[in-house]
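Have a look at the structure below, then the notes.
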Amino acid sequence: MEGEAIGRIHQCLSVFIRGEFLLVEAVSAMVDIEGRRATWSREGRSRRSFLRVGAAGAIGLSLAEWLQLKAQGRAAEGKAKSVIQLWMAGGPPQTDTFDPKPEAGEDFSGPLRRPINTNVKDIRIGELLPLLAKQADKYTIIRSMTHNNNSHETAAYIMQTGTMPTAELAYPAVGAIVALKKGEAGYQGSLPPYITLTNPLGRFSEAGFLGNNYKTFAPGGDPSSSQFRVQGFIPPRGMTAQRIQERRSLLEAVDALGRQAEKQEPLRAMQAYQEKAYGLILGDARRAFDLSEEKEELRKKYGANAFGQSCLLARRLVEHGVPFITVNDGGWDTHRANFEAMQRKLPILDAGFAALLEDLAQRGLLETTIVTWYGEFGRTPRVALEPPWFGGRHHYGNCFSAVVAGGGFKGGKLLGASDYRGENVRERPVYPWDLAASIYRLLGIDPNGRLPHPQGCVAYVSPVAGGTLQSGGMLTEIM
């Protein structure tokens with residue numbers, strides 16, 4: 001740097017844990033920086049004169065602290081290593097997607113009354129999903145999901161946590177529990193273990209009683225945009241590797257603290273993690289979010305939109321060992337003009353979901369990656385033709401569909417069935433906790449295991465272990 005740079009650093013560690021910054025007071029000492037000399041000082045200067053250097057650095061280097069807090073050891077064994085959860089926020093219509101009912105008449109099917117055959121005998125899906133029809137041998141359609149709740153907030157909680165709400169326990173989402181258990185077993189990845197692409201779910205706290213350390217890391221932004229950047233992993237536009245190295249040199253100049261710094265235990269402990277964090281920003285972890293490394297042909301196959309590129313990004317995160325990734329796709333709350341919305345939404349879903357399955361399979365990753373598709377509930381089988389809805393569908397938690405693939409789940413299967421009109425479960429009810437417990441089992445996580453609770457309450461990984469909920473059992477037919 002030219003001229004005199006004067007500032008000080010208050011030694012506060014910004015502990016980056018799964019997307020959250022927790023400010024923890026480390027030491028009260030200050031550092032004065034003049035040119036390339038650094039000395040300890042307790043004298044004050046204005047905040048405007050601060051030169052921010054160190055772990056938080058000129059590029060927001062918070063990964064160092066997160067690395068410092070990672071657990072050590074080996075992960076539990078299971079067929080699956082990762083989960084990609086395709087979350088259809090708002091509730092997708094099962095009868096327009098994976099459980100069409102043309103025989104029920106136009107009051108139920110609306111204009112989408114020509115379901116198509118798939119590459120699996122006797123399995124038909126909605127007419128706007130031709131690409132997924134060619135991938136049906138890779139997934140199972142569950143046509144008997146049920147929890148009978150029609151409130152967005154409560155139903156989202158039920159589907160995301162795999163539990164019913166109670167006054168005593170605010171449960172964490174499945175992704176948060178996976179993050180906890182993989183951490184206990186020694187998750188070795190350099191990226192946070194629970195990532196949501198790209199915006200948080202929003203309707204409830206996914207960390208639950210586990211606390212903010214287990215909130216998902218949601219980078220925000222649109223991965224289909226050329227301006228897409230992930231704070232802390234991909235440097236801002238214009239911040240070249242050379243500039244990062246130059247700023248790193250300034251950090252090293254601060255180490256002119258020398259023997260004095262050696263006496264500061266928190267700073268000495270941080271040094272190794274700063275090294276690793278710079279390695280992430282300049283190395284493999286940064287590349288995980290860099291879609292420019294993908295061939296343009298493949299990117300087009302996924303679709304030039306936020307959902308498609310998020311699916312592609314999810315595959316890249318699986319390749320980097322992230323245990324749980326949610327792709328959060330909104331716009332499914334179609335009270336009005338449902339079929340116009342489906343003409344827009346379903347081709348995007350079809351391309352992204354189908355490309356993800358095919359891509360994972362071709363790379364040998366589908367065997368160890370669970371892919372799920374569902375929302376908080378389905379939508380009413382009977383179309384609301386009257387004003388002000390004009391062909392809408394409303395919330396429906398009594399009977400709806402989900403899709404599972406990979407990681408030990410069989411492909412080319414149907415599980416459960418709805419009745420003639422799709423209004424009720426006809427056979428083999430599947431409850432959210434049945435599905436969640438099955439996912440845990442395939443990940444090598446014991447559904448009957450205990451979770452830590454700050455007040456010492458008894459909390460199991462799956463509420464099925466408590467024996468208080470009606471259950472259809474784990475999905476052993478397709479495992």
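Identifiers in the structure tokens: chain A, B, ... in order shown; residue index from 1 per chain; ligand index from 1 in order shown.
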### Surrounding residues of stretch 209-218 of chain A excluding itself and chain neighbours under 2 positions, 7 Å, only C-alpha atoms, as a PyMOL selection string
chain A and resi 17-20+170-172+176+179+192+194-200+206-207+220+453
Keeping only C-alpha atoms, write the selected residues as an mmCIF file, in the first residue's frame.
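selection06.cif written:
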data_model
loop_
_atom_site.group_PDB
_atom_site.id
_atom_site.type_symbol
_atom_site.label_atom_id
_atom_site.label_comp_id
_atom_site.auth_asym_id
_atom_site.auth_seq_id
_atom_site.Cartn_x
_atom_site.Cartn_y
_atom_site.Cartn_z
ATOM 1 C CA ILE A 17 -21.135 -21.317 10.941
ATOM 2 C CA ARG A 18 -23.426 -22.491 8.129
ATOM 3 C CA GLY A 19 -24.164 -18.990 6.920
ATOM 4 C CA GLU A 20 -24.550 -17.261 10.308
ATOM 5 C CA ALA A 170 -39.679 -26.585 17.798
ATOM 6 C CA TYR A 171 -38.002 -29.244 15.670
ATOM 7 C CA PRO A 172 -35.124 -28.615 13.274
ATOM 8 C CA ALA A 176 -30.249 -29.276 10.018
ATOM 9 C CA ALA A 179 -25.768 -31.294 9.337
ATOM 10 C CA PRO A 192 -21.148 -25.768 5.043
ATOM 11 C CA TYR A 194 -26.503 -27.594 4.822
ATOM 12 C CA ILE A 195 -26.940 -25.229 1.874
ATOM 13 C CA THR A 196 -30.124 -23.775 0.364
ATOM 14 C CA LEU A 197 -30.162 -22.477 -3.209
ATOM 15 C CA THR A 198 -30.488 -19.758 -3.171
ATOM 16 C CA ASN A 199 -32.927 -18.123 -0.707
ATOM 17 C CA PRO A 200 -33.946 -19.457 2.719
ATOM 18 C CA GLU A 206 -35.017 -24.548 9.983
ATOM 19 C CA ALA A 207 -32.547 -24.749 12.905
ATOM 20 C CA GLY A 220 -28.984 -15.558 -2.374
ATOM 21 C CA HIS A 453 -31.885 -30.169 23.484
#
### Message
DSSP on the backbone: which residues in stretch 100-247 of chain A end up as strand (DSSP E or B)? Give the answer as a PyMOL selection string.
### Response
chain A and resi 116-117+124-125+139-145+194-197+217
Using only C-alpha atoms, what does the table of stretch 109-228 of chain A residues within 10 Å of stretch 336-347 of chain A look like, with each row giving the shortest atom pair and its distance in Å to one decimal, sorted by chain and ascending number, as CSV?
residue,atom,partner,partner_atom,distance
A:Ser109,CA,A:Phe339,CA,10.0
A:Gly110,CA,A:Phe339,CA,7.8
A:Pro111,CA,A:Phe339,CA,7.6
A:Leu112,CA,A:Phe339,CA,7.9
A:Gly126,CA,A:Leu346,CA,9.3
A:Glu127,CA,A:Leu346,CA,9.5
A:Leu128,CA,A:Leu346,CA,6.1
A:Leu129,CA,A:Pro347,CA,6.7
A:Pro130,CA,A:Pro347,CA,8.7
A:Leu131,CA,A:Pro347,CA,8.9
Could you save those same residues with N, CA and C atoms as a PDB file, in the first residue's frame?
ATOM      1  N   SER A 109     -59.500 -32.475 -13.927  1.00  0.00           N
ATOM      2  CA  SER A 109     -58.276 -32.426 -14.736  1.00  0.00           C
ATOM      3  C   SER A 109     -58.046 -31.058 -15.365  1.00  0.00           C
ATOM      4  N   GLY A 110     -59.129 -30.298 -15.547  1.00  0.00           N
ATOM      5  CA  GLY A 110     -58.997 -29.056 -16.287  1.00  0.00           C
ATOM      6  C   GLY A 110     -58.539 -29.339 -17.708  1.00  0.00           C
ATOM      7  N   PRO A 111     -57.816 -28.433 -18.341  1.00  0.00           N
ATOM      8  CA  PRO A 111     -57.382 -28.660 -19.719  1.00  0.00           C
ATOM      9  C   PRO A 111     -56.237 -29.674 -19.839  1.00  0.00           C
ATOM     10  N   LEU A 112     -55.604 -30.029 -18.718  1.00  0.00           N
ATOM     11  CA  LEU A 112     -54.487 -30.994 -18.764  1.00  0.00           C
ATOM     12  C   LEU A 112     -55.044 -32.407 -18.581  1.00  0.00           C
ATOM     13  N   GLY A 126     -48.020 -36.211 -15.902  1.00  0.00           N
ATOM     14  CA  GLY A 126     -48.644 -35.085 -16.572  1.00  0.00           C
ATOM     15  C   GLY A 126     -48.048 -34.792 -17.934  1.00  0.00           C
ATOM     16  N   GLU A 127     -48.879 -34.291 -18.820  1.00  0.00           N
ATOM     17  CA  GLU A 127     -48.496 -34.091 -20.222  1.00  0.00           C
ATOM     18  C   GLU A 127     -47.417 -33.031 -20.421  1.00  0.00           C
ATOM     19  N   LEU A 128     -47.204 -32.182 -19.439  1.00  0.00           N
ATOM     20  CA  LEU A 128     -46.194 -31.129 -19.570  1.00  0.00           C
ATOM     21  C   LEU A 128     -44.831 -31.551 -19.013  1.00  0.00           C
ATOM     22  N   LEU A 129     -44.670 -32.867 -18.781  1.00  0.00           N
ATOM     23  CA  LEU A 129     -43.411 -33.378 -18.228  1.00  0.00           C
ATOM     24  C   LEU A 129     -42.794 -34.453 -19.137  1.00  0.00           C
ATOM     25  N   PRO A 130     -42.614 -34.181 -20.412  1.00  0.00           N
ATOM     26  CA  PRO A 130     -42.104 -35.210 -21.335  1.00  0.00           C
ATOM     27  C   PRO A 130     -40.670 -35.644 -21.048  1.00  0.00           C
ATOM     28  N   LEU A 131     -39.828 -34.761 -20.569  1.00  0.00           N
ATOM     29  CA  LEU A 131     -38.438 -35.132 -20.276  1.00  0.00           C
ATOM     30  C   LEU A 131     -38.363 -36.016 -19.033  1.00  0.00           C
TER      31      LEU A 131
END
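Across the model, the gap from atom CA of A:Asp419 to atom CA of A:Phe108 is 12.6 Å.
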### Message
Quick one: residues within 10 Å of A:Met164, only C-alpha atoms, excluding same-chain residues fewer than 6 positions away - as a ChimeraX atom specification?
### Response
/A:147,154-155,157-158,170-171,432-433,463,469
Put those residues in a file: N, CA and C atoms, as an mmCIF file, in the first residue's frame.
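Ended up saving to again_6.cif:
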data_model
loop_
_atom_site.group_PDB
_atom_site.id
_atom_site.type_symbol
_atom_site.label_atom_id
_atom_site.label_comp_id
_atom_site.auth_asym_id
_atom_site.auth_seq_id
_atom_site.Cartn_x
_atom_site.Cartn_y
_atom_site.Cartn_z
ATOM 1 N N HIS A 147 -50.846 -35.473 5.443
ATOM 2 C CA HIS A 147 -50.716 -34.962 6.810
ATOM 3 C C HIS A 147 -51.944 -34.143 7.195
ATOM 4 N N THR A 154 -47.587 -24.203 8.878
ATOM 5 C CA THR A 154 -47.599 -25.467 9.613
ATOM 6 C C THR A 154 -47.227 -26.629 8.704
ATOM 7 N N ALA A 155 -47.779 -26.655 7.499
ATOM 8 C CA ALA A 155 -47.494 -27.751 6.576
ATOM 9 C C ALA A 155 -46.028 -27.750 6.157
ATOM 10 N N TYR A 157 -43.549 -26.685 7.971
ATOM 11 C CA TYR A 157 -42.860 -27.213 9.144
ATOM 12 C C TYR A 157 -42.952 -28.745 9.174
ATOM 13 N N ILE A 158 -44.144 -29.276 8.929
ATOM 14 C CA ILE A 158 -44.342 -30.730 8.982
ATOM 15 C C ILE A 158 -43.493 -31.434 7.925
ATOM 16 N N ALA A 170 -39.751 -27.163 19.143
ATOM 17 C CA ALA A 170 -39.679 -26.585 17.798
ATOM 18 C C ALA A 170 -38.578 -27.340 17.061
ATOM 19 N N TYR A 171 -38.971 -28.328 16.263
ATOM 20 C CA TYR A 171 -38.002 -29.244 15.670
ATOM 21 C C TYR A 171 -37.168 -28.584 14.573
ATOM 22 N N PRO A 432 -45.179 -37.718 6.485
ATOM 23 C CA PRO A 432 -43.887 -37.041 6.365
ATOM 24 C C PRO A 432 -42.791 -37.665 7.220
ATOM 25 N N TRP A 433 -43.126 -38.150 8.402
ATOM 26 C CA TRP A 433 -42.115 -38.770 9.273
ATOM 27 C C TRP A 433 -41.677 -40.132 8.746
ATOM 28 N N PRO A 463 -39.681 -38.622 15.123
ATOM 29 C CA PRO A 463 -40.714 -38.828 16.149
ATOM 30 C C PRO A 463 -41.307 -40.227 16.112
ATOM 31 N N LEU A 469 -47.067 -41.196 17.009
ATOM 32 C CA LEU A 469 -47.679 -40.753 15.767
ATOM 33 C C LEU A 469 -48.132 -41.938 14.933
#
### Query
What does the distance from atom CA of A:Val403 to atom CA of A:Phe353 come to in Å, to one decimal?
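Computing the Euclidean distance for atom CA of A:Val403 and atom CA of A:Phe353 yields 10.8 Å.
Considering the residues A:Cys399, A:Gly105, A:Ala288, A:Arg382 and counting only C-alpha atoms, A:Glu427 has its shortest atom-to-atom contact with A:Cys399.
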